[in-house]
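Engineer: Dropping in protein24.txt, with compact mmCIF, C-alpha atoms (C1' of nucleotides).
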```txt
# COMPACT_ATOMS: atom_id res chain seq x y z
CA MET A 1 -3.62 17.95 26.61
CA LYS A 2 -5.09 14.61 27.44
CA ASP A 3 -6.89 14.27 24.12
CA ALA A 4 -3.83 13.67 21.98
CA ARG A 5 -4.79 10.04 21.62
CA ARG A 6 -8.29 11.06 20.60
CA ARG A 7 -6.94 13.47 17.98
CA ILE A 8 -4.63 10.79 16.60
CA LEU A 9 -7.43 8.27 16.32
CA ASP A 10 -9.83 10.78 14.76
CA THR A 11 -7.27 11.86 12.21
CA ALA A 12 -6.32 8.29 11.42
CA THR A 13 -9.97 7.34 11.01
CA ARG A 14 -10.54 10.15 8.56
CA LEU A 15 -7.40 9.51 6.52
CA PHE A 16 -7.46 5.71 6.61
CA TYR A 17 -11.04 5.66 5.45
CA ALA A 18 -10.66 8.28 2.75
CA GLU A 19 -7.31 7.25 1.31
CA GLY A 20 -6.50 3.76 2.50
CA VAL A 21 -4.31 2.39 5.25
CA HIS A 22 -1.10 1.76 3.35
CA THR A 23 -1.04 5.04 1.50
CA VAL A 24 -1.35 7.16 4.65
CA GLY A 25 1.90 7.42 6.58
CA ILE A 26 2.60 8.12 10.21
CA ASP A 27 4.18 11.47 9.38
CA ARG A 28 0.96 12.59 7.73
CA ILE A 29 -1.16 11.51 10.69
CA ILE A 30 0.95 13.21 13.32
CA ALA A 31 1.17 16.38 11.25
CA GLU A 32 -2.60 16.63 10.77
CA ALA A 33 -3.34 15.57 14.34
CA GLY A 34 -0.84 18.13 15.62
CA VAL A 35 1.10 15.76 17.83
CA ALA A 36 4.76 14.86 18.11
CA LYS A 37 6.05 11.58 16.85
CA ALA A 38 7.06 10.46 20.33
CA THR A 39 3.52 11.10 21.50
CA PHE A 40 2.15 8.92 18.76
CA TYR A 41 4.43 6.02 19.64
CA HIS A 42 3.63 6.56 23.29
CA HIS A 43 -0.05 5.84 22.63
CA PHE A 44 0.30 3.29 19.84
CA LYS A 45 3.21 0.90 19.85
CA ALA A 46 3.15 0.55 16.07
CA LYS A 47 1.10 1.56 13.07
CA ASP A 48 -0.63 -1.81 13.00
CA VAL A 49 -1.92 -1.16 16.49
CA LEU A 50 -3.43 2.11 15.31
CA VAL A 51 -5.08 0.36 12.38
CA CYS A 52 -6.61 -2.19 14.72
CA ALA A 53 -7.80 0.55 17.05
CA TYR A 54 -9.43 2.30 14.10
CA LEU A 55 -11.30 -0.81 13.01
CA THR A 56 -12.23 -1.85 16.53
CA GLU A 57 -13.78 1.54 17.10
CA GLN A 58 -15.80 1.27 13.89
CA TYR A 59 -16.94 -2.15 14.98
CA ASP A 60 -18.02 -0.87 18.38
CA LEU A 61 -19.93 2.02 16.81
CA GLN A 62 -21.88 -0.24 14.48
CA ARG A 63 -22.53 -2.77 17.20
CA VAL A 64 -24.27 -0.04 19.15
CA ALA A 65 -25.93 1.84 16.30
CA LEU A 66 -27.54 -0.98 14.33
CA PRO A 67 -29.43 -2.69 17.17
CA ALA A 68 -30.58 0.73 18.38
CA MET A 69 -32.44 1.42 15.14
CA PRO A 70 -36.22 1.63 15.34
CA GLY A 71 -38.57 -1.20 14.44
CA GLU A 72 -39.01 -4.84 15.26
CA GLY A 73 -38.29 -7.92 13.19
CA ARG A 74 -38.99 -7.35 9.53
CA ALA A 75 -39.52 -3.62 9.96
CA LYS A 76 -36.12 -3.32 11.57
CA LEU A 77 -34.54 -5.25 8.72
CA GLU A 78 -35.99 -2.76 6.29
CA THR A 79 -34.84 0.13 8.44
CA VAL A 80 -31.31 -1.26 8.67
CA PHE A 81 -30.93 -1.82 4.94
CA SER A 82 -32.56 1.46 4.15
CA LYS A 83 -30.01 3.14 6.39
CA LEU A 84 -27.13 1.16 4.91
CA ALA A 85 -28.21 2.19 1.43
CA GLU A 86 -28.56 5.80 2.52
CA ILE A 87 -25.03 5.81 3.92
CA GLY A 88 -23.77 3.98 0.86
CA SER A 89 -25.18 6.55 -1.51
CA ALA A 90 -24.09 9.60 0.44
CA PRO A 91 -21.24 11.78 -0.86
CA GLY A 92 -17.87 10.87 0.60
CA PHE A 93 -18.80 7.23 0.92
CA ARG A 94 -15.76 5.19 0.13
CA GLY A 95 -17.05 1.71 0.88
CA CYS A 96 -17.10 -0.41 4.00
CA PRO A 97 -14.05 0.25 6.20
CA PHE A 98 -13.79 -3.45 7.00
CA LEU A 99 -13.87 -4.59 3.40
CA ASN A 100 -11.40 -1.93 2.35
CA ALA A 101 -9.04 -2.84 5.15
CA ALA A 102 -9.33 -6.56 4.42
CA ALA A 103 -8.43 -5.90 0.80
CA GLU A 104 -5.25 -4.18 1.93
CA PHE A 105 -4.19 -6.98 4.28
CA ALA A 106 -3.89 -10.12 2.23
CA ASP A 107 -2.62 -12.30 5.06
CA PRO A 108 -5.63 -13.95 6.71
CA ALA A 109 -3.64 -14.34 9.92
CA HIS A 110 -3.14 -10.60 10.34
CA PRO A 111 -4.91 -9.09 13.37
CA VAL A 112 -6.80 -6.75 11.07
CA ARG A 113 -8.42 -9.72 9.39
CA ALA A 114 -9.50 -11.10 12.74
CA ILE A 115 -11.38 -7.88 13.51
CA VAL A 116 -13.04 -8.00 10.11
CA ALA A 117 -14.03 -11.63 10.67
CA ASP A 118 -15.45 -10.74 14.09
CA TYR A 119 -17.50 -7.96 12.59
CA ARG A 120 -18.91 -10.24 9.90
CA THR A 121 -19.79 -12.90 12.43
CA TRP A 122 -21.54 -10.33 14.56
CA PHE A 123 -23.47 -8.86 11.64
CA THR A 124 -24.63 -12.28 10.49
CA GLY A 125 -25.80 -13.09 14.02
CA PHE A 126 -27.63 -9.78 14.20
CA MET A 127 -29.44 -10.61 10.97
CA HIS A 128 -30.19 -14.07 12.26
CA GLY A 129 -31.79 -12.68 15.38
CA LEU A 130 -34.06 -10.37 13.41
CA LEU A 131 -35.07 -13.19 11.09
CA VAL A 132 -35.97 -15.40 14.03
CA GLU A 133 -38.10 -12.55 15.37
CA THR A 134 -40.03 -12.50 12.12
CA GLY A 135 -40.56 -16.22 12.27
CA HIS A 136 -38.58 -16.77 9.09
CA PRO A 137 -38.51 -20.48 8.14
CA SER A 138 -34.75 -20.63 7.37
CA PRO A 139 -33.01 -17.89 9.34
CA GLY A 140 -29.53 -19.41 9.03
CA PRO A 141 -29.13 -19.46 5.25
CA THR A 142 -31.08 -16.24 4.86
CA ALA A 143 -28.88 -14.41 7.35
CA HIS A 144 -25.89 -15.26 5.20
CA GLN A 145 -27.71 -14.05 2.11
CA LEU A 146 -28.32 -10.75 3.87
CA LEU A 147 -24.61 -10.55 4.60
CA LEU A 148 -23.97 -10.91 0.86
CA LEU A 149 -26.50 -8.18 0.21
CA ARG A 150 -24.83 -5.92 2.74
CA ASP A 151 -21.49 -6.44 0.98
CA GLY A 152 -23.03 -5.68 -2.38
CA VAL A 153 -24.58 -2.46 -1.11
CA ALA A 154 -21.27 -1.34 0.39
CA VAL A 155 -19.26 -2.14 -2.73
CA SER A 156 -21.74 -0.72 -5.19
CA GLY A 157 -22.20 2.44 -3.16
CA ALA A 158 -18.48 3.04 -3.40
CA LEU A 159 -18.00 2.16 -7.06
CA ASP A 160 -21.25 2.82 -8.90
CA SER A 161 -23.54 5.78 -9.21
CA PRO A 162 -25.35 6.07 -5.90
CA GLU A 163 -28.87 6.58 -7.20
CA ARG A 164 -29.52 2.92 -7.89
CA VAL A 165 -28.14 1.62 -4.62
CA ARG A 166 -31.09 2.37 -2.42
CA ALA A 167 -33.69 0.93 -4.76
CA SER A 168 -31.61 -2.16 -5.42
CA ALA A 169 -30.94 -2.74 -1.74
CA LEU A 170 -34.58 -2.68 -0.71
CA ALA A 171 -35.80 -4.59 -3.73
CA SER A 172 -33.18 -7.27 -3.08
CA LEU A 173 -34.11 -7.42 0.58
CA ARG A 174 -37.74 -8.05 -0.30
CA GLY A 175 -36.75 -10.55 -2.92
CA LEU A 176 -34.71 -12.49 -0.39
CA LEU A 177 -37.36 -12.38 2.32
CA ASP A 178 -40.42 -13.05 0.20
CA THR A 179 -39.19 -15.84 -2.01
CA ARG A 180 -40.29 -19.42 -1.52
CA ALA A 181 -36.85 -20.76 -2.46
CA GLN A 182 -34.99 -20.10 0.73
CA GLY A 183 -32.96 -23.17 1.41
CA ALA A 184 -29.86 -24.41 -0.24
CA LEU A 185 -30.56 -26.05 -3.53
CA MET B 1 13.43 -14.64 -25.52
CA LYS B 2 10.38 -12.87 -26.80
CA ASP B 3 8.21 -13.93 -23.92
CA ALA B 4 9.75 -11.70 -21.28
CA ARG B 5 6.67 -9.49 -21.36
CA ARG B 6 4.47 -12.53 -20.94
CA ARG B 7 6.50 -13.74 -17.96
CA ILE B 8 6.31 -10.31 -16.35
CA LEU B 9 2.55 -10.12 -16.78
CA ASP B 10 2.02 -13.67 -15.52
CA THR B 11 4.16 -13.07 -12.46
CA ALA B 12 2.49 -9.75 -11.76
CA THR B 13 -0.94 -11.33 -12.10
CA ARG B 14 -0.07 -14.04 -9.63
CA LEU B 15 1.52 -11.71 -7.08
CA PHE B 16 -0.88 -8.79 -7.42
CA TYR B 17 -3.84 -11.06 -6.95
CA ALA B 18 -2.42 -13.05 -4.07
CA GLU B 19 -0.78 -10.24 -2.10
CA GLY B 20 -2.13 -6.94 -3.35
CA VAL B 21 -0.83 -4.31 -5.72
CA HIS B 22 0.86 -1.95 -3.30
CA THR B 23 2.62 -4.58 -1.25
CA VAL B 24 4.28 -6.22 -4.26
CA GLY B 25 7.25 -4.24 -5.53
CA ILE B 26 8.89 -4.10 -8.93
CA ASP B 27 12.03 -5.77 -7.59
CA ARG B 28 9.99 -8.77 -6.49
CA ILE B 29 8.25 -9.08 -9.85
CA ILE B 30 11.42 -8.91 -11.93
CA ALA B 31 13.19 -11.36 -9.65
CA GLU B 32 10.41 -13.96 -9.86
CA ALA B 33 9.86 -13.37 -13.56
CA GLY B 34 13.59 -13.71 -14.19
CA VAL B 35 13.98 -10.50 -16.17
CA ALA B 36 16.23 -7.48 -15.84
CA LYS B 37 14.91 -4.21 -14.57
CA ALA B 38 15.64 -2.48 -17.86
CA THR B 39 13.58 -5.13 -19.62
CA PHE B 40 10.69 -4.46 -17.34
CA TYR B 41 10.74 -0.74 -17.97
CA HIS B 42 11.18 -1.42 -21.65
CA HIS B 43 7.83 -3.21 -21.76
CA PHE B 44 5.97 -1.19 -19.13
CA LYS B 45 6.66 2.50 -18.78
CA ALA B 46 5.69 2.48 -15.11
CA LYS B 47 4.21 0.22 -12.46
CA ASP B 48 0.79 1.76 -12.92
CA VAL B 49 0.86 0.69 -16.55
CA LEU B 50 1.54 -2.88 -15.45
CA VAL B 51 -1.34 -2.74 -13.00
CA CYS B 52 -3.66 -1.55 -15.75
CA ALA B 53 -2.41 -4.28 -18.07
CA TYR B 54 -3.10 -6.85 -15.37
CA LEU B 55 -6.66 -5.68 -14.85
CA THR B 56 -7.36 -5.22 -18.53
CA GLU B 57 -6.32 -8.78 -19.17
CA GLN B 58 -8.60 -10.04 -16.41
CA TYR B 59 -11.41 -8.01 -17.92
CA ASP B 60 -10.78 -9.48 -21.37
CA LEU B 61 -10.71 -13.01 -20.00
CA GLN B 62 -14.03 -12.61 -18.23
CA ARG B 63 -15.61 -10.88 -21.19
CA VAL B 64 -14.87 -13.96 -23.24
CA ALA B 65 -15.48 -16.66 -20.64
CA LEU B 66 -18.83 -15.59 -19.19
CA PRO B 67 -20.81 -15.26 -22.44
CA ALA B 68 -19.33 -18.57 -23.61
CA MET B 69 -20.91 -20.45 -20.75
CA PRO B 70 -23.62 -22.98 -21.62
CA GLY B 71 -27.32 -22.32 -21.39
CA GLU B 72 -29.76 -19.68 -22.50
CA GLY B 73 -31.51 -16.98 -20.53
CA ARG B 74 -32.39 -18.09 -17.04
CA ALA B 75 -30.39 -21.31 -17.32
CA LYS B 76 -27.32 -19.30 -18.25
CA LEU B 77 -27.86 -17.00 -15.28
CA GLU B 78 -27.86 -20.01 -13.00
CA THR B 79 -24.78 -21.41 -14.70
CA VAL B 80 -22.94 -18.10 -14.37
CA PHE B 81 -23.69 -17.66 -10.68
CA SER B 82 -23.01 -21.28 -9.98
CA LYS B 83 -19.60 -20.86 -11.60
CA LEU B 84 -18.94 -17.62 -9.72
CA ALA B 85 -19.76 -19.33 -6.45
CA GLU B 86 -17.58 -22.28 -7.35
CA ILE B 87 -14.62 -20.00 -8.06
CA GLY B 88 -15.39 -18.00 -4.94
CA SER B 89 -15.30 -21.04 -2.71
CA ALA B 90 -12.19 -22.61 -4.22
CA PRO B 91 -8.93 -22.63 -2.25
CA GLY B 92 -6.67 -19.71 -3.10
CA PHE B 93 -9.58 -17.44 -3.86
CA ARG B 94 -8.69 -14.00 -2.64
CA GLY B 95 -11.68 -12.04 -3.87
CA CYS B 96 -12.47 -10.22 -7.07
CA PRO B 97 -9.34 -8.67 -8.61
CA PHE B 98 -11.29 -5.58 -9.60
CA LEU B 99 -12.75 -4.98 -6.16
CA ASN B 100 -9.41 -5.58 -4.48
CA ALA B 101 -7.67 -3.20 -6.85
CA ALA B 102 -10.34 -0.55 -6.43
CA ALA B 103 -9.93 -0.74 -2.67
CA GLU B 104 -6.23 -0.01 -3.08
CA PHE B 105 -6.74 2.99 -5.35
CA ALA B 106 -8.85 5.49 -3.48
CA ASP B 107 -8.70 8.16 -6.16
CA PRO B 108 -11.73 7.66 -8.45
CA ALA B 109 -9.86 9.44 -11.25
CA HIS B 110 -7.06 6.87 -11.34
CA PRO B 111 -6.92 4.78 -14.55
CA VAL B 112 -7.32 1.62 -12.49
CA ARG B 113 -10.70 2.82 -11.33
CA ALA B 114 -11.76 3.45 -14.92
CA ILE B 115 -11.04 -0.18 -15.81
CA VAL B 116 -13.01 -1.35 -12.79
CA ALA B 117 -15.90 0.89 -13.78
CA ASP B 118 -15.79 -0.46 -17.34
CA TYR B 119 -15.91 -4.00 -16.07
CA ARG B 120 -18.88 -3.28 -13.85
CA THR B 121 -20.75 -1.59 -16.65
CA TRP B 122 -20.07 -4.55 -18.92
CA PHE B 123 -21.15 -7.09 -16.31
CA THR B 124 -24.39 -5.23 -15.63
CA GLY B 125 -25.11 -5.09 -19.34
CA PHE B 126 -24.42 -8.79 -19.67
CA MET B 127 -26.90 -9.50 -16.88
CA HIS B 128 -29.40 -7.18 -18.51
CA GLY B 129 -29.16 -9.07 -21.77
CA LEU B 130 -29.80 -12.40 -20.12
CA LEU B 131 -32.76 -10.98 -18.21
CA VAL B 132 -34.28 -9.62 -21.41
CA GLU B 133 -33.87 -13.08 -22.94
CA THR B 134 -35.90 -14.56 -20.11
CA GLY B 135 -38.60 -11.95 -20.58
CA HIS B 136 -38.04 -10.54 -17.13
CA PRO B 137 -40.46 -7.67 -16.44
CA SER B 138 -37.85 -5.25 -15.01
CA PRO B 139 -34.45 -6.16 -16.41
CA GLY B 140 -32.80 -2.83 -15.58
CA PRO B 141 -33.23 -2.78 -11.80
CA THR B 142 -32.78 -6.53 -11.57
CA ALA B 143 -29.51 -6.42 -13.48
CA HIS B 144 -28.16 -4.04 -10.88
CA GLN B 145 -29.37 -6.33 -8.11
CA LEU B 146 -27.45 -9.15 -9.71
CA LEU B 147 -24.36 -6.95 -9.73
CA LEU B 148 -24.80 -6.51 -5.97
CA LEU B 149 -25.15 -10.26 -5.62
CA ARG B 150 -22.00 -10.81 -7.65
CA ASP B 151 -20.12 -8.44 -5.34
CA GLY B 152 -21.44 -10.21 -2.29
CA VAL B 153 -20.36 -13.60 -3.59
CA ALA B 154 -16.87 -12.31 -4.37
CA VAL B 155 -16.44 -10.65 -0.99
CA SER B 156 -17.89 -13.45 1.05
CA GLY B 157 -15.88 -16.07 -0.82
CA ALA B 158 -12.73 -14.22 0.16
CA LEU B 159 -13.60 -13.49 3.79
CA ASP B 160 -16.00 -16.15 5.02
CA SER B 161 -15.99 -19.89 5.09
CA PRO B 162 -16.54 -21.04 1.52
CA GLU B 163 -19.15 -23.73 2.16
CA ARG B 164 -22.04 -21.33 2.48
CA VAL B 165 -21.19 -19.24 -0.54
CA ARG B 166 -22.56 -21.52 -3.22
CA ALA B 167 -25.85 -22.18 -1.49
CA SER B 168 -26.34 -18.51 -0.65
CA ALA B 169 -25.51 -17.39 -4.17
CA LEU B 170 -28.02 -19.65 -5.87
CA ALA B 171 -30.72 -19.13 -3.25
CA SER B 172 -30.27 -15.37 -3.58
CA LEU B 173 -30.39 -15.58 -7.36
CA ARG B 174 -33.71 -17.41 -7.23
CA GLY B 175 -35.02 -15.01 -4.64
CA LEU B 176 -34.20 -12.05 -6.86
CA LEU B 177 -35.63 -13.60 -10.01
CA ASP B 178 -38.76 -15.11 -8.54
CA THR B 179 -40.00 -12.33 -6.35
CA ARG B 180 -42.95 -10.16 -7.28
CA ALA B 181 -41.41 -7.04 -5.73
CA GLN B 182 -38.92 -6.20 -8.44
CA GLY B 183 -39.13 -2.49 -8.94
CA ALA B 184 -37.94 0.32 -6.78
CA LEU B 185 -40.15 0.90 -3.85
C1' DC C 1 6.73 21.07 46.22
C1' DT C 2 7.97 17.14 43.78
C1' DC C 3 8.08 13.93 40.51
C1' DA C 4 6.15 11.06 37.07
C1' DA C 5 3.42 11.17 33.05
C1' DA C 6 2.43 13.24 28.85
C1' DG C 7 3.55 16.53 25.77
C1' DT C 8 6.68 19.19 21.85
C1' DA C 9 10.26 19.44 18.02
C1' DG C 10 12.98 17.22 15.16
C1' DA C 11 17.26 14.49 13.93
C1' DC C 12 18.44 9.96 12.64
C1' DA C 13 19.03 5.02 11.25
C1' DG C 14 17.79 1.47 8.37
C1' DG C 15 14.93 -0.16 5.18
C1' DT C 16 12.01 -0.13 0.82
C1' DC C 17 10.24 1.77 -3.17
C1' DT C 18 10.26 3.52 -8.10
C1' DG C 19 12.57 4.67 -11.98
C1' DT C 20 17.15 5.77 -14.51
C1' DC C 21 21.39 4.65 -16.09
C1' DT C 22 25.67 2.18 -17.64
C1' DG C 23 27.51 -1.58 -20.03
C1' DG C 24 27.44 -5.50 -22.34
C1' DT C 25 25.27 -9.86 -24.94
C1' DA C 26 22.37 -12.33 -28.33
C1' DA C 27 19.54 -12.66 -32.11
C1' DA C 28 17.29 -11.34 -36.11
C1' DG C 29 16.07 -8.76 -40.00
C1' DT C 30 17.87 -6.14 -44.17
C1' DA D 1 28.06 -7.05 -42.67
C1' DC D 2 25.37 -3.95 -40.17
C1' DT D 3 21.98 -2.25 -37.34
C1' DT D 4 18.10 -2.58 -34.58
C1' DT D 5 15.68 -4.77 -31.04
C1' DA D 6 15.36 -7.38 -27.02
C1' DC D 7 17.60 -9.00 -23.32
C1' DC D 8 20.68 -9.52 -18.81
C1' DA D 9 23.20 -7.73 -14.55
C1' DG D 10 23.32 -4.51 -11.32
C1' DA D 11 24.60 0.20 -9.52
C1' DC D 12 22.43 4.39 -8.35
C1' DA D 13 19.56 8.58 -7.10
C1' DG D 14 15.89 10.35 -4.71
C1' DA D 15 11.99 9.81 -2.27
C1' DC D 16 9.38 7.88 1.40
C1' DC D 17 8.42 4.80 5.25
C1' DT D 18 8.59 3.13 10.14
C1' DG D 19 10.35 3.36 14.43
C1' DT D 20 14.06 5.16 17.85
C1' DC D 21 16.30 8.59 20.00
C1' DT D 22 17.77 13.07 22.29
C1' DA D 23 16.51 17.06 24.62
C1' DC D 24 13.33 19.99 26.55
C1' DT D 25 8.52 21.64 28.41
C1' DT D 26 4.06 21.23 30.53
C1' DT D 27 0.83 19.50 33.73
C1' DG D 28 -1.42 17.18 37.29
C1' DA D 29 -1.64 14.05 41.42
C1' DG D 30 0.00 13.10 45.84
```
What's the structure tokens form of this structure?
Structural biologist:
Amino acid sequence: MKDARRRILDTATRLFYAEGVHTVGIDRIIAEAGVAKATFYHHFKAKDVLVCAYLTEQYDLQRVALPAMPGEGRAKLETVFSKLAEIGSAPGFRGCPFLNAAAEFADPAHPVRAIVADYRTWFTGFMHGLLVETGHPSPGPTAHQLLLLRDGVAVSGALDSPERVRASALASLRGLLDTRAQGAL
Amino acid sequence: MKDARRRILDTATRLFYAEGVHTVGIDRIIAEAGVAKATFYHHFKAKDVLVCAYLTEQYDLQRVALPAMPGEGRAKLETVFSKLAEIGSAPGFRGCPFLNAAAEFADPAHPVRAIVADYRTWFTGFMHGLLVETGHPSPGPTAHQLLLLRDGVAVSGALDSPERVRASALASLRGLLDTRAQGAL
DNA sequence: CTCAAAGTAGACAGGTCTGTCTGGTAAAGT
DNA sequence: ACTTTACCAGACAGACCTGTCTACTTTGAG
């Protein structure tokens, strides 16, 4: 079967996300994916490579899905955060895969951290673009504030009761966009 | 020496925070603390107990330090977030110990997660109290929004360049407090 | 048809981890 | 003087981890 690599990556995605990268071993992945160990190491030179492949795929998925959401400018911002809050309050949500992975890899020089940094840079730029569309007076600082909000939604969705997340996310978004105190102080 | 327990906890705090809980082993802790293995297991029945002691101590420290900060009501809120941003942009900052620990313990029933949940409940209540002092019209939802902001500051301080964190934290705080769109939508 | 690529099963080496245990020392209270 | 408590040094068991290896089978392209 040609889809052994696909099965490995799907299984790893499920287990890494649900239980963490370090706690899930290769033996578990190959057992649940139904592949032999040699097959695994044929497709992925080491476990770290698999972890990077997992995160890169998540990055690629978001990079396609978020810009494809409906709306323009401010409406799209509301749609994006509404969707983020919906995901973050859904059952099975275990936080942002990038934040969870970064917490498990303390070394900032690790390749995993580079992928996380790339994702964050991309997300901030995506926010910046939408803010420029709306004619926001300080898109740079505000884009970073929206990154903070995104992180808060992801963390709180994983750790707190999910009911409040959606309301807080949208209220915060409006607070950040409507205030007159945008700049640094 | 009676301070073996203290040395163990100090060493564990330093290593757990800097490198993560799972990646730091008992052997490493006892070596750097300069204690025998039997001494370690005399004071802490298991590694998990040490992890809980580490987090509980961090919780206790914050529970004392934050309310003791200067100011009243809104001024205290600004002081608190200013301090959080300062810590979050200092060298050596590796994120919030509670969030990092929670990311390493996927099981919500684990004792570590209970400590994290307690901390978050306490922090939200602390915010709520300060908001009530300021006469804020919707202290409940806003307190939760400030929890999200706190999470964002902690995460971004660990993963992004620290310069922007302080400005974003205070601008976001003002945005959340000054907006007219507080409630759920 | 042939042959390389991709697959299976599973043993194995070498390392790390937690937690237990033995054995002995030092100090401190009673 | 005695006994308990805390401490040190380090061996050890048992589990688990990653990554390599042998040996064999399947499959698909040329």
Engineer: Which residues of chain A have any atom within 8 Å of an atom in chain B when counting all atoms listed in the file, and what is the closest pair of atoms for each, with the distance in Å to one decimal? Order the rows by chain and rising number and write it as a tab-separated table.
Structural biologist:
```
residue	atom	partner	partner_atom	distance
A:Ala18	CA	B:Ala106	CA	7.1
A:Glu19	CA	B:Ala106	CA	5.3
A:Gly20	CA	B:Ala106	CA	6.7
A:His22	CA	B:His22	CA	7.9
A:Arg94	CA	B:Ala106	CA	7.8
A:Leu99	CA	B:Val155	CA	7.9
A:Asn100	CA	B:Ala103	CA	5.4
A:Ala103	CA	B:Asn100	CA	5.4
A:Glu104	CA	B:Glu104	CA	6.6
A:Phe105	CA	B:Gly20	CA	7.9
A:Ala106	CA	B:Glu19	CA	5.3
A:Asp107	CA	B:Glu19	CA	7.7
A:Ala117	CA	B:Leu159	CA	7.1
A:Pro141	CA	B:Ser168	CA	6.6
A:Thr142	CA	B:Ser168	CA	7.6
A:His144	CA	B:Ser168	CA	6.7
A:Gln145	CA	B:Ser168	CA	5.4
A:Leu147	CA	B:Gly152	CA	7.6
A:Leu148	CA	B:Gly152	CA	4.1
A:Leu149	CA	B:Gly152	CA	6.0
A:Arg150	CA	B:Gly152	CA	7.4
A:Asp151	CA	B:Gly152	CA	5.0
A:Gly152	CA	B:Leu148	CA	4.1
A:Val153	CA	B:Leu148	CA	6.3
A:Val155	CA	B:Asp151	CA	6.9
A:Ser156	CA	B:Leu148	CA	6.6
A:Leu159	CA	B:Ala117	CA	7.2
A:Asp160	CA	B:Ala117	CA	7.5
A:Arg164	CA	B:His144	CA	7.7
A:Ala167	CA	B:Ala184	CA	4.7
A:Ser168	CA	B:Gln145	CA	5.4
A:Ala169	CA	B:Gln145	CA	7.5
A:Leu170	CA	B:Leu185	CA	7.3
A:Ala171	CA	B:Gln182	CA	5.9
A:Ser172	CA	B:Leu176	CA	6.2
A:Arg174	CA	B:Ala181	CA	6.6
A:Gly175	CA	B:Leu176	CA	4.9
A:Leu176	CA	B:Gly175	CA	5.0
A:Leu177	CA	B:Gly175	CA	7.8
A:Asp178	CA	B:Thr179	CA	6.6
A:Thr179	CA	B:Gly175	CA	5.0
A:Arg180	CA	B:Gly175	CA	7.5
A:Ala181	CA	B:Ala171	CA	6.4
A:Gln182	CA	B:Ala171	CA	5.9
A:Gly183	CA	B:Ala171	CA	6.6
A:Ala184	CA	B:Ala167	CA	4.8
A:Leu185	CA	B:Ala167	CA	6.4
```
Engineer: Skip DA15 of chain D itself and residues of its chain fewer than 3 positions away, then list as a list in words all residues within 12 Å of it, counting only C-alpha atoms (C1' of nucleotides).
Structural biologist: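 The contact residues come out as DT16, DC17, DT18 and DG19 of chain C.
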Engineer: Quick one: which residues from chain B are at most 12 Å off chain C, using all atoms listed in the file, as a PyMOL selection string?
Structural biologist: chain B and resi 1-2+22-28+37-38+40-42+44-48
Engineer: Would you list which chain D residues are within 10 Å of chain A using all atoms listed in the file, as a JSON list (two decimals) with C-alpha atoms (C1' of nucleotides), in the coordinates of the input?
Structural biologist:
```json
[["chain", "number", "residue", "atom", "x", "y", "z"],
["D", 16, "DC", "C1'", 9.38, 7.88, 1.40],
["D", 17, "DC", "C1'", 8.42, 4.80, 5.25],
["D", 18, "DT", "C1'", 8.59, 3.13, 10.14],
["D", 19, "DG", "C1'", 10.35, 3.36, 14.43],
["D", 20, "DT", "C1'", 14.06, 5.16, 17.85],
["D", 21, "DC", "C1'", 16.30, 8.59, 20.00],
["D", 26, "DT", "C1'", 4.06, 21.23, 30.53],
["D", 27, "DT", "C1'", 0.83, 19.50, 33.73]]
```
Engineer: Quick one: distance from atom CA of Leu131 of chain B to atom CA of Gly73 of chain B in Å, one decimal?
Structural biologist: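 These atoms are spaced 6.6 Å apart.
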Engineer: Can you measure atom CA of Phe16 of chain B to atom CA of Val51 of chain B for me? One decimal in Å is fine.
Structural biologist: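 Between these atoms lies a distance of 8.2 Å.
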Engineer: What is the distance between atom CA of Met127 of chain B and atom CA of Pro162 of chain A, in Å to one decimal?
Structural biologist: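 Taking atom CA of Met127 of chain B as the start and atom CA of Pro162 of chain A as the end point, the length is 19.1 Å.
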Engineer: Could you add whatever atoms are missing so that segment 15-22 of chain B carries N, CA and C atoms, then write the result as a compact mmCIF listing (two decimals), keeping the file's coordinate frame?
Structural biologist:
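Writing done, so here's result05.txt:
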```txt
# COMPACT_ATOMS: atom_id res chain seq x y z
N LEU B 15 1.16 -12.40 -8.32
CA LEU B 15 1.52 -11.71 -7.08
C LEU B 15 0.50 -10.62 -6.72
N PHE B 16 0.09 -9.84 -7.70
CA PHE B 16 -0.88 -8.79 -7.42
C PHE B 16 -2.16 -9.39 -6.84
N TYR B 17 -2.60 -10.47 -7.43
CA TYR B 17 -3.84 -11.06 -6.95
C TYR B 17 -3.67 -11.64 -5.55
N ALA B 18 -2.57 -12.34 -5.34
CA ALA B 18 -2.42 -13.05 -4.07
C ALA B 18 -2.05 -12.13 -2.92
N GLU B 19 -1.32 -11.04 -3.20
CA GLU B 19 -0.78 -10.24 -2.10
C GLU B 19 -1.14 -8.77 -2.18
N GLY B 20 -1.77 -8.34 -3.23
CA GLY B 20 -2.13 -6.94 -3.35
C GLY B 20 -1.15 -6.16 -4.20
N VAL B 21 -1.63 -5.07 -4.76
CA VAL B 21 -0.83 -4.31 -5.72
C VAL B 21 0.27 -3.51 -5.02
N HIS B 22 -0.11 -2.84 -3.93
CA HIS B 22 0.86 -1.95 -3.30
C HIS B 22 1.95 -2.70 -2.55
```
